[in-house]
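Containing compact mmCIF, C-alpha atoms: model-v3.txt.
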```
# COMPACT_ATOMS: atom_id res chain seq x y z
CA MET A 1 101.21 114.99 91.58
CA LYS A 2 102.29 118.44 92.77
CA SER A 3 105.60 120.11 92.06
CA GLY A 4 107.37 122.75 94.09
CA THR A 5 110.65 124.42 94.93
CA ALA A 6 112.71 124.87 98.08
CA ILE A 7 115.74 127.10 98.58
CA LEU A 8 118.35 125.28 100.67
CA ASN A 9 121.49 127.24 101.54
CA GLY A 10 121.02 129.38 98.45
CA VAL A 11 120.44 126.43 96.09
CA THR A 12 116.99 126.07 94.52
CA ILE A 13 115.69 122.50 94.60
CA HIS A 14 112.73 121.26 92.56
CA TYR A 15 110.64 118.41 93.92
CA SER A 16 107.42 116.45 93.39
CA VAL A 17 104.99 115.06 95.94
CA GLU A 18 101.86 112.93 95.69
CA GLY A 19 99.69 110.70 97.88
CA ARG A 20 98.79 110.48 101.54
CA GLY A 21 100.16 108.44 104.40
CA PRO A 22 103.63 107.74 105.81
CA ASP A 23 106.35 109.69 104.01
CA VAL A 24 108.61 108.10 101.38
CA LEU A 25 111.60 110.09 100.06
CA MET A 26 113.28 109.00 96.83
CA VAL A 27 116.82 110.03 95.81
CA HIS A 28 117.94 109.55 92.21
CA GLY A 29 121.40 108.64 90.95
CA TRP A 30 124.09 110.20 88.77
CA SER A 31 122.91 111.93 85.55
CA SER A 32 119.27 111.22 86.45
CA SER A 33 116.38 113.21 87.96
CA ARG A 34 113.25 112.81 90.06
CA ARG A 35 111.45 111.64 86.91
CA MET A 36 113.00 108.18 87.34
CA TRP A 37 110.63 107.62 90.28
CA ALA A 38 107.38 108.66 88.53
CA HIS A 39 106.02 105.13 88.06
CA LEU A 40 106.96 103.97 91.56
CA SER A 41 105.63 107.15 93.17
CA ALA A 42 102.27 106.89 91.41
CA ALA A 43 101.89 103.23 92.39
CA LEU A 44 102.76 103.86 96.06
CA SER A 45 100.73 107.07 96.41
CA PRO A 46 97.43 105.43 97.49
CA HIS A 47 99.14 104.39 100.75
CA PHE A 48 102.15 106.72 101.10
CA ARG A 49 103.03 110.37 100.61
CA CYS A 50 105.84 110.13 98.06
CA TRP A 51 108.50 112.82 97.72
CA SER A 52 111.16 112.94 95.00
CA LEU A 53 113.68 115.72 94.44
CA ASP A 54 116.09 116.79 91.75
CA LEU A 55 119.49 116.84 93.41
CA PRO A 56 121.64 119.94 92.80
CA GLY A 57 123.24 119.63 89.39
CA PHE A 58 120.38 117.64 87.85
CA GLY A 59 116.86 117.95 86.52
CA ASP A 60 115.30 121.35 87.17
CA SER A 61 117.39 122.13 90.24
CA ASP A 62 120.24 124.64 90.30
CA LYS A 63 123.60 123.62 88.85
CA PRO A 64 126.27 124.75 91.35
CA ALA A 65 129.92 125.26 90.48
CA ASP A 66 132.24 122.27 90.27
CA ASP A 67 133.64 122.67 93.80
CA TRP A 68 130.19 122.33 95.42
CA TYR A 69 129.81 118.61 94.76
CA SER A 70 130.43 116.19 97.63
CA ILE A 71 128.47 113.41 99.28
CA PRO A 72 128.34 115.33 102.60
CA ASN A 73 126.80 118.28 100.73
CA TYR A 74 124.23 115.99 99.11
CA GLN A 75 123.49 114.40 102.47
CA ALA A 76 122.97 117.90 103.91
CA VAL A 77 120.51 118.64 101.08
CA VAL A 78 118.43 115.62 102.11
CA ALA A 79 118.46 116.74 105.76
CA GLN A 80 117.62 120.36 104.87
CA PHE A 81 114.85 119.26 102.51
CA MET A 82 113.27 117.14 105.22
CA GLU A 83 113.45 120.06 107.64
CA ALA A 84 111.91 122.43 105.09
CA MET A 85 109.04 120.03 104.38
CA GLY A 86 108.46 119.22 108.05
CA LEU A 87 109.47 115.56 107.70
CA TRP A 88 110.92 113.99 110.81
CA GLU A 89 110.98 110.32 109.75
CA VAL A 90 110.84 108.81 106.27
CA ARG A 91 111.07 105.59 104.36
CA LEU A 92 114.12 106.35 102.23
CA ILE A 93 114.88 105.00 98.73
CA GLY A 94 118.10 105.66 96.80
CA HIS A 95 119.51 104.48 93.49
CA SER A 96 123.23 104.27 92.61
CA MET A 97 124.78 107.59 93.74
CA GLY A 98 121.46 108.24 95.45
CA GLY A 99 121.93 104.91 97.23
CA LEU A 100 125.27 106.14 98.56
CA ILE A 101 123.60 109.36 99.78
CA ALA A 102 120.77 107.36 101.37
CA LEU A 103 123.21 105.04 103.15
CA ASP A 104 125.24 107.97 104.44
CA PHE A 105 122.13 109.79 105.65
CA SER A 106 120.71 106.67 107.32
CA ALA A 107 123.98 106.03 109.17
CA THR A 108 124.28 109.67 110.25
CA TYR A 109 120.63 110.11 111.28
CA PRO A 110 119.44 106.59 112.13
CA GLU A 111 116.44 107.89 114.07
CA ARG A 112 115.08 109.65 110.97
CA VAL A 113 114.82 106.60 108.67
CA SER A 114 112.20 103.96 109.44
CA LYS A 115 113.01 101.74 106.43
CA LEU A 116 115.74 101.96 103.79
CA VAL A 117 115.82 100.70 100.19
CA VAL A 118 119.02 100.96 98.12
CA ILE A 119 119.11 99.92 94.47
CA ASN A 120 122.52 99.13 92.96
CA PRO A 121 124.19 101.44 95.49
CA VAL A 122 127.73 102.76 95.44
CA VAL A 123 129.39 102.08 98.82
CA THR A 124 133.19 102.41 98.57
CA GLY A 125 133.42 104.53 95.43
CA ARG A 126 133.90 101.54 93.15
CA ALA A 127 132.18 102.01 89.80
CA TYR A 128 133.05 101.06 86.25
CA ILE A 129 133.33 104.74 85.25
CA ALA A 130 136.07 105.34 87.86
CA PRO A 131 138.91 105.83 85.32
CA LEU A 132 137.03 108.82 83.85
CA ALA A 133 137.20 110.75 87.14
CA GLY A 134 140.99 110.76 87.27
CA TRP A 135 141.51 111.23 83.55
CA LYS A 136 142.52 114.77 82.58
CA PRO A 137 140.43 114.83 79.38
CA GLY A 138 137.41 113.51 81.35
CA PRO A 139 135.40 116.76 81.32
CA ALA A 140 136.03 117.21 77.58
CA VAL A 141 134.84 113.65 76.94
CA LEU A 142 131.62 114.33 78.88
CA ASP A 143 131.11 117.58 76.99
CA ASN A 144 131.51 115.87 73.62
CA THR A 145 129.26 113.01 74.71
CA GLN A 146 126.52 115.47 75.65
CA ARG A 147 126.86 117.29 72.32
CA LEU A 148 126.57 114.02 70.38
CA SER A 149 123.62 113.00 72.53
CA ARG A 150 121.75 116.22 71.76
CA ARG A 151 122.53 116.16 68.04
CA LEU A 152 122.22 112.46 67.23
CA VAL A 153 120.65 110.33 69.96
CA ARG A 154 117.86 112.68 71.04
CA PRO A 155 116.38 113.14 67.54
CA VAL A 156 116.36 109.37 66.98
CA LEU A 157 114.68 108.62 70.31
CA LYS A 158 112.07 111.33 69.78
CA HIS A 159 111.22 110.23 66.25
CA GLN A 160 107.75 108.70 65.92
CA TRP A 161 108.97 105.37 64.51
CA SER A 162 111.34 104.82 67.47
CA LYS A 163 108.37 103.75 69.59
CA VAL A 164 108.01 100.53 67.59
CA LEU A 165 111.60 99.48 68.38
CA SER A 166 111.04 98.89 72.08
CA PRO A 167 108.20 99.33 74.59
CA ASN A 168 110.81 100.83 76.93
CA VAL A 169 111.85 103.63 74.56
CA ARG A 170 110.27 106.22 76.86
CA TYR A 171 112.78 105.24 79.56
CA LEU A 172 115.64 105.69 77.11
CA GLN A 173 114.24 109.08 76.14
CA GLN A 174 114.01 110.10 79.77
CA ARG A 175 117.56 109.00 80.58
CA ASN A 176 118.92 110.78 77.54
CA ASP A 177 117.00 113.98 78.36
CA ASP A 178 118.21 113.94 81.97
CA PHE A 179 121.81 113.47 80.85
CA ALA A 180 121.49 116.36 78.38
CA ARG A 181 120.00 118.70 81.03
CA ALA A 182 122.95 118.31 83.39
CA THR A 183 126.11 120.38 82.97
CA VAL A 184 129.62 119.09 82.44
CA GLU A 185 130.50 120.52 85.88
CA SER A 186 127.60 118.76 87.60
CA LEU A 187 128.28 115.44 85.86
CA PHE A 188 132.00 115.47 86.49
CA GLY A 189 131.79 117.02 89.98
CA SER A 190 129.12 114.64 91.29
CA GLY A 191 130.78 111.65 89.65
CA ARG A 192 134.12 112.47 91.20
CA ALA A 193 132.43 113.06 94.59
CA THR A 194 130.80 109.64 94.41
CA LEU A 195 134.03 107.86 93.51
CA ASP A 196 135.96 109.67 96.25
CA TYR A 197 133.60 108.69 99.09
CA ASP A 198 133.52 105.52 101.19
CA VAL A 199 130.57 104.85 103.50
CA LEU A 200 131.55 101.27 104.40
CA GLY A 201 132.70 102.07 107.94
CA LYS A 202 129.40 103.78 108.75
CA LEU A 203 127.09 100.95 107.63
CA PRO A 204 126.89 99.29 111.11
CA CYS A 205 125.30 102.55 112.35
CA ILE A 206 122.21 102.05 110.17
CA ALA A 207 119.31 101.12 112.44
CA ALA A 208 116.54 100.80 109.84
CA PRO A 209 115.57 97.52 108.19
CA THR A 210 117.32 97.67 104.83
CA LEU A 211 116.38 96.17 101.46
CA ILE A 212 119.15 95.95 98.86
CA ILE A 213 118.04 95.37 95.26
CA LEU A 214 120.80 94.52 92.79
CA GLY A 215 120.79 93.96 89.04
CA ALA A 216 123.01 91.00 88.24
CA LEU A 217 123.72 92.50 84.79
CA ASP A 218 124.71 95.93 86.14
CA THR A 219 127.60 97.38 84.11
CA THR A 220 127.78 100.66 86.08
CA VAL A 221 128.24 99.64 89.73
CA PRO A 222 129.71 96.24 90.70
CA ASN A 223 127.33 93.98 92.62
CA SER A 224 130.07 93.63 95.25
CA GLU A 225 129.15 97.11 96.49
CA GLY A 226 125.61 96.03 97.37
CA HIS A 227 126.85 92.82 98.94
CA LEU A 228 128.89 94.93 101.38
CA VAL A 229 125.65 96.51 102.61
CA ALA A 230 124.13 93.07 103.07
CA VAL A 231 127.07 92.06 105.27
CA GLU A 232 127.63 95.28 107.24
CA ALA A 233 124.16 96.78 107.74
CA PRO A 234 122.64 95.09 110.82
CA ARG A 235 119.11 94.47 109.46
CA ALA A 236 119.72 93.97 105.76
CA ARG A 237 118.00 91.78 103.18
CA LEU A 238 119.43 91.23 99.69
CA VAL A 239 117.50 90.58 96.44
CA VAL A 240 119.28 90.06 93.10
CA LEU A 241 117.36 90.38 89.83
CA ASN A 242 118.58 89.39 86.36
CA VAL A 243 118.58 92.95 85.04
CA GLY A 244 120.91 95.93 84.63
CA HIS A 245 121.60 99.16 86.50
CA VAL A 246 118.22 100.92 86.31
CA VAL A 247 116.10 98.23 87.94
CA THR A 248 113.10 100.55 88.21
CA ASP A 249 112.95 100.75 84.39
CA ASP A 250 113.90 97.16 83.58
CA ARG A 251 111.54 95.51 86.08
CA PRO A 252 109.06 98.15 87.30
CA ALA A 253 106.36 95.71 88.45
CA GLN A 254 108.80 93.45 90.32
CA THR A 255 110.55 96.42 91.93
CA LEU A 256 107.19 97.80 93.06
CA ARG A 257 106.15 94.45 94.52
CA LEU A 258 109.39 94.09 96.48
CA ILE A 259 109.13 97.61 97.91
CA ARG A 260 105.43 97.30 98.75
CA GLU A 261 106.06 94.06 100.63
CA PHE A 262 109.03 95.59 102.45
CA PHE A 263 107.08 98.70 103.44
CA ALA A 264 104.06 96.74 104.65
```
Structure rendered as structure tokens:
Amino acid sequence: MKSGTAILNGVTIHYSVEGRGPDVLMVHGWSSSRRMWAHLSAALSPHFRCWSLDLPGFGDSDKPADDWYSIPNYQAVVAQFMEAMGLWEVRLIGHSMGGLIALDFSATYPERVSKLVVINPVVTGRAYIAPLAGWKPGPAVLDNTQRLSRRLVRPVLKHQWSKVLSPNVRYLQQRNDDFARATVESLFGSGRATLDYDVLGKLPCIAAPTLIILGALDTTVPNSEGHLVAVEAPRARLVVLNVGHVVTDDRPAQTLRLIREFFA
């Protein structure tokens, strides 16, 4: 896997790429990073060239000021990244907020997406964290949560004995690290942007065959959001698994199989 940077409208983006073949672009969700795609990217790389980027505000990418964050700005980042890398058409994968960005991009540029996968996507801005966005103390709550995460949760997850508690502890470590590396402005700004956006009316414009993967136990985004895509996107197929929000961590092998079959 190779890593690199691209400067898009003054914002430095970090990305990873590996493999050869048709291009696959992966867009992570809120409080995450390109690292969430590492397992999927490695498994697909023998047959595809897999790209994953840290969206502005997350991972190693720049953290713009609070007023930067909007879904149109994120959609523009995807378009500018593709231009910078010389990608005309991609297979596009998005998770949660990244699913919303992927849906918006696919509806705006239908000729540039050959196949679309959205995992527990936000569609109309409905999410279980919605009350936080309109709550005045919201930023302070996020700030305190990050501080507690760094002081208490991180040391526990990184302790040697934590590995015996669960084989998936590395995923918990990764999620916690990604959350800690974001800023309060990027968390609150991108969260508010996600909850303020509604892509429902644009879904009929998506031309690509679309696979929707939902976790029936998702406590972050209601399954009803993904069902809207299944109804409104013209060439959609819906799969529901008995897992939570981060399907790629909870069922990596099953997620890989579904995507491989869909991309074939």
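The closest residue to Val113 of chain A, picked from A:Asp177, A:Gly191, A:Val24, A:Ala208 and counting only C-alpha atoms, is A:Ala208.
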Quiz item: So which residues touch Glu18 of chain A within 12 Å, counting only C-alpha atoms, skipping near sequence neighbours fewer than 5 positions away, as a PyMOL selection string?
Solution: chain A and resi 1-4+23-25+37-52
Practice problem: Take atom CA of Asn223 of chain A and atom CA of Arg235 of chain A and report the distance between them in Å, one decimal. | Solution: 18.7 Å
Practice problem: Mind checking which residues fall within 9 Å of Ser190 of chain A, counting only C-alpha atoms, ignoring those fewer than 5 positions away in the same chain, and posting them as a PyMOL selection string? | Solution: chain A and resi 30-31+57+66+68-71+97+185+195
Build an axis-aligned box that encloses every atom of segment 36-43 of chain A listed in the file, pad it by 6 Å on each side, and report its centre and edge lengths in Å to one decimal, as lines of an AutoDock Vina configuration file.
```
center_x = 107.4
center_y = 105.9
center_z = 90.3
size_x = 23.1
size_y = 17.4
size_z = 17.8
```
Exercise. Between atom CA of Pro72 of chain A and atom CA of Phe105 of chain A, measure the distance and give it in Å to one decimal.
Key: 8.9 Å
Quiz prompt | Long-range neighbours of Ala84 of chain A as JSON, numbers by chain, 10 Å cut-off, all atoms listed in the file, 5 positions minimum in chain | solution = {"A": [6, 7, 8, 78, 79]}
